[in-house]
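A.B. asks: One structure, as structure tokens, below. Some questions next.
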Amino acid sequence: MGAIREETVFPPGDAEVLATLAALLKAGNEPLRLVAADGDEALLPDELRRVLTTVVSSMHRGQAVTLAPLAMRLTTQQAADLLGVSRPTLIKLLEDGRIPYETPNRHRRIRLVDLLTFQQTRQTERRQALSELTGDSQDLGVYEGTVEDYEAALAEARQKLA
């Protein structure tokens with residue numbers, strides 16, 4: 001078996017198939033079975049069900065999906081694209097020690113797992129800052145909602161943009 005490489009997959013043209021798959025994946029918590037044309041079958045593990053649910057819902061929204069093994073090393077441009085920042089911004093994050101990197105030759109390489117860890121940490125920091133700002137706004141009487149109300153409004157706005 002060859003090396004596993006990054007692969008980008010575009011949504012199929014038939015949105016009805018994706019809607020059917022999404023409904024099957026979301027239906028209940030009972031285990032799903034994969035059945036081959038020859039009748040062989042296997043239970044679908046929960047981890048794969050979660051991955052497939054994410055893939056199908058993304059494709060149903062018209063988005064392409066990129067699959068990559070965690071051990072993969074990215075170029076600075078690939079890492080910047082994944083984070084949604086410019087390459088110079090990523091370089092600053094690397095030089096500030098916020099994201100670990102390797103320099104096996106002249107070029108920096110970032111492990112995908114390190115990049116995803118940074119992304120998760122940044123998301124947690126943003127949520128904490130949002131919570132603190134919302135609390136301060138409530139204390140000052142500027143905002144009457146709760147942190148949960150504000151997060152729900154943000155999530156709704158993001159869904160509309162997706």
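Starting from 1 in every chain, residues are counted up; chains themselves are A, B, ... following the order of the structure tokens, and ligands are numbered from 1 as listed.
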Among the residues of range 54-108 of chain A, find those DSSP assigns to strand (DSSP E or B) from the backbone and print them as an mmCIF file with N, CA and C atoms, in the first residue's frame.

C.D. replies:
```cif
data_model
loop_
_atom_site.group_PDB
_atom_site.id
_atom_site.type_symbol
_atom_site.label_atom_id
_atom_site.label_comp_id
_atom_site.auth_asym_id
_atom_site.auth_seq_id
_atom_site.Cartn_x
_atom_site.Cartn_y
_atom_site.Cartn_z
ATOM 1 N N VAL A 65 -13.781 19.084 0.207
ATOM 2 C CA VAL A 65 -13.223 18.578 1.464
ATOM 3 C C VAL A 65 -11.823 18.055 1.186
ATOM 4 N N THR A 66 -10.876 18.415 2.059
ATOM 5 C CA THR A 66 -9.511 17.924 1.937
ATOM 6 C C THR A 66 -9.236 16.948 3.074
ATOM 7 N N LEU A 67 -8.781 15.762 2.721
ATOM 8 C CA LEU A 67 -8.409 14.748 3.701
ATOM 9 C C LEU A 67 -6.893 14.689 3.746
ATOM 10 N N ARG A 73 3.414 16.951 6.906
ATOM 11 C CA ARG A 73 4.101 18.218 7.095
ATOM 12 C C ARG A 73 3.692 19.162 5.966
ATOM 13 N N LEU A 74 3.371 20.385 6.341
ATOM 14 C CA LEU A 74 2.868 21.362 5.379
ATOM 15 C C LEU A 74 3.910 22.432 5.077
ATOM 16 N N GLU A 102 9.693 22.824 11.730
ATOM 17 C CA GLU A 102 10.974 22.169 11.481
ATOM 18 C C GLU A 102 11.592 22.802 10.241
#
```

A.B. asks: Which polymer residues have any atom within 8 Å of an atom of Thr75 in chain A, counting only C-alpha atoms, with same-chain residues fewer than 6 positions away left out, as a PyMOL selection string?

C.D. replies: chain A and resi 107-110

A.B. asks: For the residues selected in the previous step, produce a file with C-alpha atoms as a CSV table (one decimal), in the first residue's frame.

C.D. replies:
```csv
chain,number,residue,atom,x,y,z
A,107,HIS,CA,12.3,25.6,3.9
A,108,ARG,CA,10.1,25.6,7.1
A,109,ARG,CA,7.7,22.7,7.5
A,110,ILE,CA,4.8,22.6,9.9
```

A.B. asks: So that I can see what lies close to Glu148 in chain A, please list as a ChimeraX atom specification the residues with an atom at most 12 Å from it, counting only C-alpha atoms and leaving out residues fewer than 2 positions away in the same chain.

C.D. replies: /A:127,130-131,134-135,144-146,150-155

A.B. asks: Write the residues of the selection above to a file with N, CA and C atoms, as a short mmCIF file (atom, residue, chain, number, x, y, z; two decimals), in the first residue's frame.

C.D. replies:
```
data_model
loop_
_atom_site.label_atom_id
_atom_site.label_comp_id
_atom_site.auth_asym_id
_atom_site.auth_seq_id
_atom_site.Cartn_x
_atom_site.Cartn_y
_atom_site.Cartn_z
N ARG A 127 -12.92 32.21 22.44
CA ARG A 127 -14.16 32.00 23.20
C ARG A 127 -14.04 32.60 24.60
N LEU A 130 -14.34 36.35 24.26
CA LEU A 130 -15.73 36.69 24.00
C LEU A 130 -16.54 36.63 25.28
N SER A 131 -16.31 35.60 26.06
CA SER A 131 -17.01 35.44 27.33
C SER A 131 -16.71 36.61 28.27
N THR A 134 -18.34 39.83 26.91
CA THR A 134 -19.79 39.80 27.13
C THR A 134 -20.10 40.07 28.59
N GLY A 135 -19.31 39.48 29.49
CA GLY A 135 -19.51 39.73 30.93
C GLY A 135 -19.28 41.18 31.28
N GLU A 144 -27.56 42.99 27.37
CA GLU A 144 -28.42 42.31 28.33
C GLU A 144 -28.46 40.79 28.15
N GLY A 145 -27.96 40.31 27.02
CA GLY A 145 -27.99 38.87 26.76
C GLY A 145 -26.91 38.14 27.53
N THR A 146 -26.94 36.82 27.42
CA THR A 146 -25.92 35.99 28.05
C THR A 146 -24.84 35.64 27.04
N TYR A 150 -25.11 35.27 22.83
CA TYR A 150 -24.18 35.87 21.88
C TYR A 150 -23.53 34.81 21.01
N GLU A 151 -23.12 33.68 21.61
CA GLU A 151 -22.50 32.59 20.84
C GLU A 151 -23.50 32.00 19.85
N ALA A 152 -24.77 31.89 20.27
CA ALA A 152 -25.81 31.37 19.37
C ALA A 152 -26.00 32.32 18.18
N ALA A 153 -26.00 33.63 18.45
CA ALA A 153 -26.15 34.61 17.37
C ALA A 153 -24.96 34.54 16.41
N LEU A 154 -23.76 34.37 16.96
CA LEU A 154 -22.57 34.23 16.11
C LEU A 154 -22.65 32.96 15.26
N ALA A 155 -23.05 31.86 15.88
CA ALA A 155 -23.15 30.60 15.15
C ALA A 155 -24.16 30.71 14.02
#
```

A.B. asks: Go through range 20-92 of chain A and collect every residue that DSSP, computed from the backbone, puts in alpha helix (DSSP H); the answer should be as a PyMOL selection string.

C.D. replies: chain A and resi 20-26+46-60+76-83+87-92

A.B. asks: Dump N, CA and C atoms for the selected residues as a short mmCIF file (atom, residue, chain, number, x, y, z; two decimals), in the first residue's frame?

C.D. replies:
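Result saved to selection.cif:
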```cif
data_model
loop_
_atom_site.label_atom_id
_atom_site.label_comp_id
_atom_site.auth_asym_id
_atom_site.auth_seq_id
_atom_site.Cartn_x
_atom_site.Cartn_y
_atom_site.Cartn_z
N THR A 20 -29.77 12.49 1.11
CA THR A 20 -30.12 11.16 1.60
C THR A 20 -29.07 10.63 2.57
N LEU A 21 -27.79 10.80 2.21
CA LEU A 21 -26.70 10.36 3.09
C LEU A 21 -26.72 11.13 4.41
N ALA A 22 -26.95 12.43 4.34
CA ALA A 22 -27.00 13.25 5.56
C ALA A 22 -28.11 12.76 6.49
N ALA A 23 -29.26 12.45 5.92
CA ALA A 23 -30.38 11.96 6.73
C ALA A 23 -30.04 10.61 7.36
N LEU A 24 -29.40 9.72 6.62
CA LEU A 24 -29.02 8.41 7.17
C LEU A 24 -28.00 8.55 8.31
N LEU A 25 -27.04 9.43 8.13
CA LEU A 25 -26.00 9.61 9.14
C LEU A 25 -26.53 10.26 10.41
N LYS A 26 -27.55 11.11 10.28
CA LYS A 26 -28.10 11.82 11.44
C LYS A 26 -29.20 11.03 12.14
N ASP A 46 -18.15 4.79 15.32
CA ASP A 46 -18.63 6.14 15.62
C ASP A 46 -17.69 7.21 15.08
N GLU A 47 -16.37 6.96 15.15
CA GLU A 47 -15.39 7.95 14.67
C GLU A 47 -15.58 8.20 13.18
N LEU A 48 -15.78 7.13 12.42
CA LEU A 48 -15.98 7.29 10.98
C LEU A 48 -17.33 7.92 10.68
N ARG A 49 -18.31 7.62 11.49
CA ARG A 49 -19.64 8.23 11.31
C ARG A 49 -19.54 9.75 11.48
N ARG A 50 -18.78 10.19 12.49
CA ARG A 50 -18.60 11.64 12.70
C ARG A 50 -17.88 12.27 11.52
N VAL A 51 -16.84 11.61 11.02
CA VAL A 51 -16.10 12.14 9.88
C VAL A 51 -17.00 12.21 8.65
N LEU A 52 -17.73 11.14 8.40
CA LEU A 52 -18.63 11.13 7.23
C LEU A 52 -19.72 12.18 7.35
N THR A 53 -20.23 12.39 8.56
CA THR A 53 -21.26 13.40 8.77
C THR A 53 -20.71 14.78 8.43
N THR A 54 -19.50 15.07 8.86
CA THR A 54 -18.86 16.36 8.56
C THR A 54 -18.62 16.50 7.06
N VAL A 55 -18.11 15.45 6.44
CA VAL A 55 -17.83 15.48 5.00
C VAL A 55 -19.11 15.69 4.20
N VAL A 56 -20.14 14.92 4.52
CA VAL A 56 -21.40 15.02 3.77
C VAL A 56 -22.05 16.39 3.96
N SER A 57 -22.07 16.91 5.20
CA SER A 57 -22.71 18.21 5.40
C SER A 57 -21.93 19.32 4.70
N SER A 58 -20.59 19.24 4.70
CA SER A 58 -19.78 20.23 3.98
C SER A 58 -20.04 20.17 2.49
N MET A 59 -20.04 18.97 1.94
CA MET A 59 -20.30 18.82 0.51
C MET A 59 -21.71 19.25 0.14
N HIS A 60 -22.66 19.00 1.03
CA HIS A 60 -24.05 19.40 0.78
C HIS A 60 -24.15 20.93 0.67
N THR A 76 4.72 26.48 4.36
CA THR A 76 4.17 27.65 5.03
C THR A 76 2.92 28.16 4.30
N GLN A 77 2.90 28.05 2.98
CA GLN A 77 1.72 28.52 2.23
C GLN A 77 0.51 27.62 2.51
N GLN A 78 0.73 26.30 2.55
CA GLN A 78 -0.37 25.38 2.86
C GLN A 78 -0.90 25.64 4.27
N ALA A 79 0.01 25.86 5.22
CA ALA A 79 -0.40 26.12 6.60
C ALA A 79 -1.18 27.43 6.69
N ALA A 80 -0.70 28.46 6.00
CA ALA A 80 -1.39 29.75 6.01
C ALA A 80 -2.79 29.60 5.41
N ASP A 81 -2.91 28.86 4.32
CA ASP A 81 -4.21 28.63 3.69
C ASP A 81 -5.15 27.90 4.64
N LEU A 82 -4.63 26.90 5.33
CA LEU A 82 -5.48 26.14 6.26
C LEU A 82 -5.99 27.01 7.40
N LEU A 83 -5.15 27.91 7.89
CA LEU A 83 -5.57 28.81 8.98
C LEU A 83 -6.39 29.99 8.47
N ARG A 87 0.55 34.40 4.38
CA ARG A 87 1.81 33.72 4.66
C ARG A 87 2.69 34.54 5.60
N PRO A 88 2.80 35.88 5.41
CA PRO A 88 3.58 36.67 6.36
C PRO A 88 3.04 36.59 7.80
N THR A 89 1.73 36.53 7.95
CA THR A 89 1.15 36.39 9.30
C THR A 89 1.56 35.05 9.89
N LEU A 90 1.52 33.99 9.09
CA LEU A 90 1.93 32.68 9.58
C LEU A 90 3.41 32.70 9.98
N ILE A 91 4.25 33.30 9.17
CA ILE A 91 5.69 33.37 9.47
C ILE A 91 5.89 34.06 10.82
N LYS A 92 5.14 35.13 11.08
CA LYS A 92 5.25 35.82 12.36
C LYS A 92 4.86 34.89 13.51
#
```

A.B. asks: From the list A:Ala64, A:Arg122, A:Leu43, A:Asn29, which residue is nearest Thr8 in chain A when using only C-alpha atoms?

C.D. replies: A:Ala64

A.B. asks: Do you have the CA of Val85 in chain A-CA of Asp149 in chain A distance handy?

C.D. replies: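 Between these atoms lies a distance of 28.1 Å.
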
A.B. asks: Report the distance between CA of Gly62 in chain A and CA of Arg158 in chain A in Å, rounded to one decimal place.

C.D. replies: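 CA of Arg158 in chain A lies at a distance of 15.3 Å from CA of Gly62 in chain A.
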
A.B. asks: Would you mind listing what lies within 9 Å of Arg5 in chain A as a compact mmCIF listing (two decimals) with N, CA and C atoms, in the first residue's frame, with only C-alpha atoms counted and same-chain residues fewer than 6 positions away left out?

C.D. replies:
```txt
# COMPACT_ATOMS: atom_id res chain seq x y z
N LEU A 67 -8.78 15.76 2.72
CA LEU A 67 -8.41 14.75 3.70
C LEU A 67 -6.89 14.69 3.75
N ALA A 68 -6.35 14.68 4.98
CA ALA A 68 -4.89 14.64 5.12
C ALA A 68 -4.54 13.87 6.38
N PRO A 69 -3.52 13.02 6.31
CA PRO A 69 -3.08 12.32 7.51
C PRO A 69 -2.44 13.30 8.49
N MET A 72 1.30 14.51 8.45
CA MET A 72 1.71 15.27 7.29
C MET A 72 2.40 16.58 7.68
```
